[in-house]
Amino acid sequence: MPHRPHRRDFLAHSAFTAISLALAGCASDGRQSAAARPNILWITAEDMNAHLGCYGDPIARTPNLDRFATQSTRYTHAFATAPVCSPARSCLISGMYATTLGTHPLRCQVPYPSHIRGFPAYLREAGYFTSNNVKTDYNAANEKEFVADAWDRCAADAHWRQRRDNQPFFSVFNLMTTHQSRSSTWPWEQFEREVASQLSGEQRTDPARVVIPPYYPDTQLARRTLARYYDCIAVMDKQVGELLQQLEDDGLAGNTIVFFYGDNGAGIPRHKRLLHDSGLRVPLLIRFPRPLQHLATTRPGQTSDRLVSFVDFAPTILSLCDLPIPGHLQGEPFLGRGQSGPRQFVYGARDRVDEAIDLSRSVRDRRYLYIRNYMPHVSWAPPEGYSDQSEFRREILQLATEGKLNEAQLTYAGPRKPVEELYDCEADPHQVHNLAGDPQHARRLDRMRELHRNWVLGTRDMGFLTESEILARSGGLPPFEVGQDRARYDLDRIHAAAAKTGCDSCSPLPDLNSPDPAVRYWGAVNLRYWGSRAGASTGQLEAKLRDPSPDVRIEIAAHIVSTEDRPHQLSLETLAEILTGMDKPASVHAARAIQSLGEKASPLAPVMKAMIEKARTNPSDDPLMFIRFALEPLVAEFSKGG
């Protein structure tokens, strides 16, 4: 059966709650009075995996979190739904998959439907004070209204201390100290000044002691980068200790449930932005004080191997607060009176991140990970303007170019991805041995492939439409509305076209003539995958450069230029026209396609320079920034060549 959005019958639960709480002297409507409800504190650490002493990491220096773990449940199988911040946060705040909402690309800024609210809004209505310090990043075009509905206080000084006397609170603190900027992309001098300076000499991590994972070359820079990441964690641990101490000082620890978790994988190469455990698996510690132990499923200091997904967090908080769970939420509460049975699988999605356009999906059970890559001709380590500020990432890519990486290291830095990936995460915790082609795992592969397809179709995954196409079909309405309309979004047909990319026996040519522009787009993507092996002449394809869909024109033009020995003027003109046009998502797509052409795009250098200058004069415009990320390295290469 397809995986469908969660629907819940509240009648039996409400009856039980009314009886039990009435006996406890609570409100006559069967719900707890606000003062009787637990406080909840969320501490979110950006961009980190479970590299903590309490998770068995021998390098981490995390005394505060290690002590906290002895008082908490330590979850060993907690997963983000996306390996990068804004789609993951969209899921956390809404209780819905970003792929269902249409909020799956990084900083896409699309409207949420009016009935989809940030779950803290339900807490506010029940009498809670809600505060967020300070990050939102929900991919919401209507973010101002969305935030105002969810939070009483959303600012850099937001704190539970701003509530009324005896008012229960739900407070979030986002700790940036482990963010990719600090751990990887800032210049070393800035890291030393703003992060490392908070540690004494003996608290610094010795690069000689770090453990090099098999997907990294063992270089001095690799060791130095990992040591830097651990130093960020050490400083973050101090900040956690300060927040927990504030809770104690205020006399609130005895009635506050505390969550600590990471928002996605570490901000170092091959972690954040990928669908492997290094990108999605996060630490999760939850502490229940003694008076609230009845809401926990374990005793303090114990572990749980229950699969937990970010989509489960919103219904879990509502369950802990004994509030109704709206029927549109797609997760399963794993704590509180309303908790469900354990889930068997968690799902992940990778889409556009900055200028890097991609589409991959994952399914994970407690042991095996399956990944389906719909753009296998795109590397797991493509050019990325932001990530490439990391000196270590540049070193990895340079070693790949020089042929100095081994097979395990090329699973990240190789020029292409497998169409399918399957890993035994117990035998291969770093996921470098792909079992997708192993006959002994054929049945498991078929099962995971089926689960993936059912999830895509059952949750109405919007990722199979380009961002430009989503805007065209929605006409300003929330993308969610398009996704739920089978007449406007024939997902079965479109997904079938997308699944042909990488198929050895699937010609892209029939799909190029489909009446559905999304099917034609995937035919063009498949054409790019096949390259010169596609069997289509330039003469056959030139008519497609007049396709109504800009995304189809981009892929066709890039295919022609990449497979022709001499510049194809019409294709280059097509790319330039879309790059400089008013359709911003299509402009980003065109910039990325131009970047992939390398030297063959040199006739477009003047247009590229003009777009870079436009981006520099509009620094707050995200699409223009992404265009600059794509084009600047290419223009720099042209300059080197004279």
# chains A, B, ... in the order shown; residues from 1 in each chain; ligands from 1
>>> residues_around(residues="Lys544 (chain A)", least_positions_apart="2", cutoff="12 Å", atoms="only C-alpha atoms", output="JSON, numbers by chain")
{"A": [509, 511, 512, 513, 514, 517, 520, 521, 523, 524, 536, 537, 538, 539, 540, 541, 542, 546, 547, 548, 549, 550, 551, 552, 553, 554, 555, 556, 557, 558, 559, 560, 570, 571, 574]}
>>> select_by_dssp(residues="region 28-207 of chain A", states="strand (DSSP E)", output="mmCIF file with N, CA and C atoms, in the first residue's frame")
data_model
loop_
_atom_site.group_PDB
_atom_site.id
_atom_site.type_symbol
_atom_site.label_atom_id
_atom_site.label_comp_id
_atom_site.auth_asym_id
_atom_site.auth_seq_id
_atom_site.Cartn_x
_atom_site.Cartn_y
_atom_site.Cartn_z
ATOM 1 N N ASN A 39 6.632 22.108 30.458
ATOM 2 C CA ASN A 39 7.431 22.989 29.612
ATOM 3 C C ASN A 39 8.255 22.128 28.679
ATOM 4 N N ILE A 40 8.607 22.676 27.520
ATOM 5 C CA ILE A 40 9.452 21.944 26.565
ATOM 6 C C ILE A 40 10.518 22.892 26.044
ATOM 7 N N LEU A 41 11.743 22.431 26.105
ATOM 8 C CA LEU A 41 12.889 23.176 25.591
ATOM 9 C C LEU A 41 13.536 22.364 24.479
ATOM 10 N N TRP A 42 13.701 23.003 23.312
ATOM 11 C CA TRP A 42 14.441 22.402 22.192
ATOM 12 C C TRP A 42 15.789 23.104 22.074
ATOM 13 N N ILE A 43 16.851 22.327 22.054
ATOM 14 C CA ILE A 43 18.178 22.864 21.756
ATOM 15 C C ILE A 43 18.638 22.207 20.461
ATOM 16 N N THR A 44 18.779 23.019 19.431
ATOM 17 C CA THR A 44 19.158 22.515 18.109
ATOM 18 C C THR A 44 20.590 22.925 17.804
ATOM 19 N N ALA A 45 21.437 21.949 17.505
ATOM 20 C CA ALA A 45 22.815 22.228 17.086
ATOM 21 C C ALA A 45 22.888 22.071 15.576
ATOM 22 N N SER A 72 18.873 11.173 30.237
ATOM 23 C CA SER A 72 18.007 11.246 29.058
ATOM 24 C C SER A 72 17.862 9.892 28.384
ATOM 25 N N THR A 73 16.969 9.864 27.400
ATOM 26 C CA THR A 73 16.937 8.774 26.427
ATOM 27 C C THR A 73 17.830 9.170 25.256
ATOM 28 N N ARG A 74 18.732 8.276 24.896
ATOM 29 C CA ARG A 74 19.631 8.534 23.764
ATOM 30 C C ARG A 74 19.128 7.724 22.568
ATOM 31 N N TYR A 75 18.657 8.432 21.551
ATOM 32 C CA TYR A 75 18.130 7.774 20.350
ATOM 33 C C TYR A 75 19.277 7.522 19.374
ATOM 34 N N THR A 76 19.372 6.285 18.922
ATOM 35 C CA THR A 76 20.477 5.903 18.035
ATOM 36 C C THR A 76 20.094 5.917 16.567
ATOM 37 N N HIS A 77 18.803 6.059 16.266
ATOM 38 C CA HIS A 77 18.345 6.008 14.875
ATOM 39 C C HIS A 77 17.395 7.169 14.596
ATOM 40 N N ALA A 78 17.891 8.391 14.795
ATOM 41 C CA ALA A 78 17.121 9.598 14.497
ATOM 42 C C ALA A 78 17.632 10.204 13.198
ATOM 43 N N PHE A 79 16.712 10.645 12.338
ATOM 44 C CA PHE A 79 17.079 11.083 10.994
ATOM 45 C C PHE A 79 16.336 12.349 10.589
ATOM 46 N N PHE A 129 3.476 29.850 26.109
ATOM 47 C CA PHE A 129 4.355 30.886 25.576
ATOM 48 C C PHE A 129 5.347 30.189 24.651
ATOM 49 N N THR A 130 5.449 30.649 23.412
ATOM 50 C CA THR A 130 6.350 30.020 22.442
ATOM 51 C C THR A 130 7.423 31.014 22.027
ATOM 52 N N SER A 131 8.669 30.572 22.063
ATOM 53 C CA SER A 131 9.777 31.465 21.701
ATOM 54 C C SER A 131 10.774 30.725 20.827
ATOM 55 N N ASN A 132 11.385 31.478 19.934
ATOM 56 C CA ASN A 132 12.366 30.909 19.003
ATOM 57 C C ASN A 132 13.572 31.827 18.917
ATOM 58 N N ASN A 133 14.723 31.301 19.275
ATOM 59 C CA ASN A 133 15.967 32.055 19.254
ATOM 60 C C ASN A 133 16.949 31.324 18.327
ATOM 61 N N ARG A 153 7.456 35.089 20.623
ATOM 62 C CA ARG A 153 8.703 35.851 20.543
ATOM 63 C C ARG A 153 9.661 35.100 19.631
ATOM 64 N N CYS A 154 10.102 35.768 18.552
ATOM 65 C CA CYS A 154 11.048 35.171 17.609
ATOM 66 C C CYS A 154 12.115 36.214 17.331
ATOM 67 N N PHE A 169 5.853 26.879 28.703
ATOM 68 C CA PHE A 169 6.560 27.397 27.526
ATOM 69 C C PHE A 169 7.048 26.282 26.627
ATOM 70 N N PHE A 170 7.168 26.636 25.354
ATOM 71 C CA PHE A 170 7.888 25.845 24.366
ATOM 72 C C PHE A 170 8.933 26.791 23.775
ATOM 73 N N SER A 171 10.194 26.537 24.081
ATOM 74 C CA SER A 171 11.263 27.453 23.678
ATOM 75 C C SER A 171 12.314 26.710 22.859
ATOM 76 N N VAL A 172 12.738 27.356 21.781
ATOM 77 C CA VAL A 172 13.742 26.794 20.877
ATOM 78 C C VAL A 172 14.973 27.689 20.896
ATOM 79 N N PHE A 173 16.133 27.058 21.000
ATOM 80 C CA PHE A 173 17.412 27.760 20.871
ATOM 81 C C PHE A 173 18.219 27.064 19.779
ATOM 82 N N ASN A 174 18.619 27.830 18.767
ATOM 83 C CA ASN A 174 19.395 27.301 17.640
ATOM 84 C C ASN A 174 20.858 27.700 17.827
ATOM 85 N N LEU A 175 21.715 26.721 18.015
ATOM 86 C CA LEU A 175 23.128 26.981 18.249
ATOM 87 C C LEU A 175 23.885 26.870 16.928
#
>>> residues_around(residues="Pro58 (chain A)", least_positions_apart="3", cutoff="12 Å", atoms="only C-alpha atoms", output="list in words")
Ala50, His51, Leu52, Gly53, Cys54, Tyr55, Arg61, Thr62, Thr205, Arg209, Val210, Val211 and Tyr230 of chain A
>>> residues_around(residues="region 326-330 of chain A", least_positions_apart="3", cutoff="12 Å", atoms="only C-alpha atoms", output="ChimeraX atom specification")
/A:3-10,91-101,113,115-119,121-122,309-316,318-319,323,333,346-347,455,458-460,480
>>> residues_around(residues="region 425-431 of chain A", least_positions_apart="6", cutoff="10 Å", atoms="only C-alpha atoms", output="VMD selection string")
chain A and resid 213 to 215 276 to 278 364 to 369 408 411
>>> select_by_dssp(residues="region 315-538 of chain A", states="alpha helix (DSSP H)", output="ChimeraX atom specification")
/A:315-320,391-401,407-413,442-458,467-474,479-484,491-498,517-530,538
>>> residues_around(residues="Asp250 (chain A)", least_positions_apart="5", cutoff="12 Å", atoms="only C-alpha atoms", output="MDAnalysis selection string")
chainID A and resid 160:161 165:166 243:245 255:256
>>> write_last_selection(atoms="N, CA, C and O atoms", output="PDB file, in the first residue's frame")
ATOM      1  N   TRP A 160      12.499  31.781  27.358  1.00  0.00           N
ATOM      2  CA  TRP A 160      11.338  31.438  28.180  1.00  0.00           C
ATOM      3  C   TRP A 160      11.116  32.453  29.306  1.00  0.00           C
ATOM      4  O   TRP A 160      10.020  32.564  29.846  1.00  0.00           O
ATOM      5  N   ARG A 161      12.150  33.203  29.654  1.00  0.00           N
ATOM      6  CA  ARG A 161      12.040  34.170  30.742  1.00  0.00           C
ATOM      7  C   ARG A 161      11.112  35.344  30.404  1.00  0.00           C
ATOM      8  O   ARG A 161      10.781  36.149  31.291  1.00  0.00           O
ATOM      9  N   ASP A 165       4.069  34.847  34.443  1.00  0.00           N
ATOM     10  CA  ASP A 165       4.305  33.980  35.602  1.00  0.00           C
ATOM     11  C   ASP A 165       3.492  32.696  35.474  1.00  0.00           C
ATOM     12  O   ASP A 165       2.287  32.725  35.166  1.00  0.00           O
ATOM     13  N   ASN A 166       4.178  31.570  35.693  1.00  0.00           N
ATOM     14  CA  ASN A 166       3.553  30.234  35.695  1.00  0.00           C
ATOM     15  C   ASN A 166       3.006  29.802  34.336  1.00  0.00           C
ATOM     16  O   ASN A 166       2.296  28.793  34.247  1.00  0.00           O
ATOM     17  N   LEU A 243      22.693  26.811  28.880  1.00  0.00           N
ATOM     18  CA  LEU A 243      21.227  26.797  28.809  1.00  0.00           C
ATOM     19  C   LEU A 243      20.635  25.883  29.882  1.00  0.00           C
ATOM     20  O   LEU A 243      19.640  26.231  30.531  1.00  0.00           O
ATOM     21  N   LEU A 244      21.231  24.712  30.059  1.00  0.00           N
ATOM     22  CA  LEU A 244      20.724  23.796  31.071  1.00  0.00           C
ATOM     23  C   LEU A 244      20.883  24.387  32.469  1.00  0.00           C
ATOM     24  O   LEU A 244      20.017  24.188  33.339  1.00  0.00           O
ATOM     25  N   GLN A 245      21.953  25.133  32.683  1.00  0.00           N
ATOM     26  CA  GLN A 245      22.148  25.770  33.978  1.00  0.00           C
ATOM     27  C   GLN A 245      21.105  26.868  34.205  1.00  0.00           C
ATOM     28  O   GLN A 245      20.608  27.043  35.324  1.00  0.00           O
ATOM     29  N   ASN A 255      10.118  20.478  35.677  1.00  0.00           N
ATOM     30  CA  ASN A 255       8.874  20.389  34.901  1.00  0.00           C
ATOM     31  C   ASN A 255       9.114  20.714  33.428  1.00  0.00           C
ATOM     32  O   ASN A 255       8.226  21.185  32.730  1.00  0.00           O
ATOM     33  N   THR A 256      10.336  20.461  32.942  1.00  0.00           N
ATOM     34  CA  THR A 256      10.671  20.782  31.557  1.00  0.00           C
ATOM     35  C   THR A 256      11.262  19.572  30.852  1.00  0.00           C
ATOM     36  O   THR A 256      12.263  18.995  31.306  1.00  0.00           O
TER      37      THR A 256
END
>>> residues_around(residues="Ser468 (chain A)", least_positions_apart="3", cutoff="7 Å", atoms="only C-alpha atoms", output="short mmCIF file (atom, residue, chain, number, x, y, z; two decimals) with C-alpha atoms, in the first residue's frame")
data_model
loop_
_atom_site.label_atom_id
_atom_site.label_comp_id
_atom_site.auth_asym_id
_atom_site.auth_seq_id
_atom_site.Cartn_x
_atom_site.Cartn_y
_atom_site.Cartn_z
CA LEU A 471 5.29 28.27 -10.43
CA ALA A 472 3.69 27.94 -13.86
CA PRO A 585 14.21 29.50 -11.10
CA ALA A 586 14.81 28.98 -14.83
#
